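Just below is one structure, and these are the notes that go with it.
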Amino acid sequence: MNASDHAKCLCGCDQAVSKGRLFVPGHDRRAAAMLIRMRHGSIAGFLADYGYGRDGKSLKADFLRLQSDRALREHQELEAKSAAIEAELAKGKQDGVTWTTSTPAGKGPRGERTSS
Ligand SMILES: [Zn+2]
């Protein structure tokens, strides 16, 4: 039986990693570099295989587009949520529910005054 107390680094270096970790520090990059080199020859070859390069698509433009799409989606989700809350509040007002968080203007308790 070859089981050990510690898991081994995913890069294949056979070093033990601490609990909850997948790689020895820095070996995630090493693993990516090894695989890219084996499959694509170089990082430029890796990009070219996905259509990125001087004559192809812009990796950075695609990345930024992806990021902003994600941000836009999150923004739209938030707006949808707040619209739903506002709709609930409006519905509550129509149903005659009183919201006690604010007092109507001009009718505050400070309007009272004792005459001397
Ligand atoms: Zn490793």
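How things are named: the first chain in the structure tokens is A, the next is B, and so on; residues count from 1 in each chain; ligands count from 1 in the order shown.
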
Contact table chain A vs ligand 1, cut-off 6 Å, shortest pair per residue, only C-alpha atoms and all ligand atoms, as a Markdown table:
| residue | atom | partner | partner_atom_place_in_ligand_line | distance |
| --- | --- | --- | --- | --- |
| A:Cys9 | CA | ligand 1 | 1 (Zn) | 4.5 |
| A:Cys11 | CA | ligand 1 | 1 (Zn) | 4.3 |
| A:Gly12 | CA | ligand 1 | 1 (Zn) | 5.5 |
| A:Cys13 | CA | ligand 1 | 1 (Zn) | 4.2 |
| A:Phe23 | CA | ligand 1 | 1 (Zn) | 5.8 |
| A:Val24 | CA | ligand 1 | 1 (Zn) | 5.3 |
| A:His27 | CA | ligand 1 | 1 (Zn) | 4.8 |

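Using only C-alpha atoms, the contacts of Ala32 of chain A at a cut-off of 12 Å, with sequence neighbours closer than 2 positions omitted, comprise Leu10, Cys11, Gly12, Phe23, Gly26, His27, Asp28, Arg29, Arg30, Met34, Leu35, Ile36, Arg37, Met38, Arg39, His40, Ser42, Ile43 and Phe46 of chain A.
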
Could you jot down the atom CA of Ala31 of chain A to atom CA of Leu64 of chain A separation for me, Å, one decimal place?
-> 25.4 Å
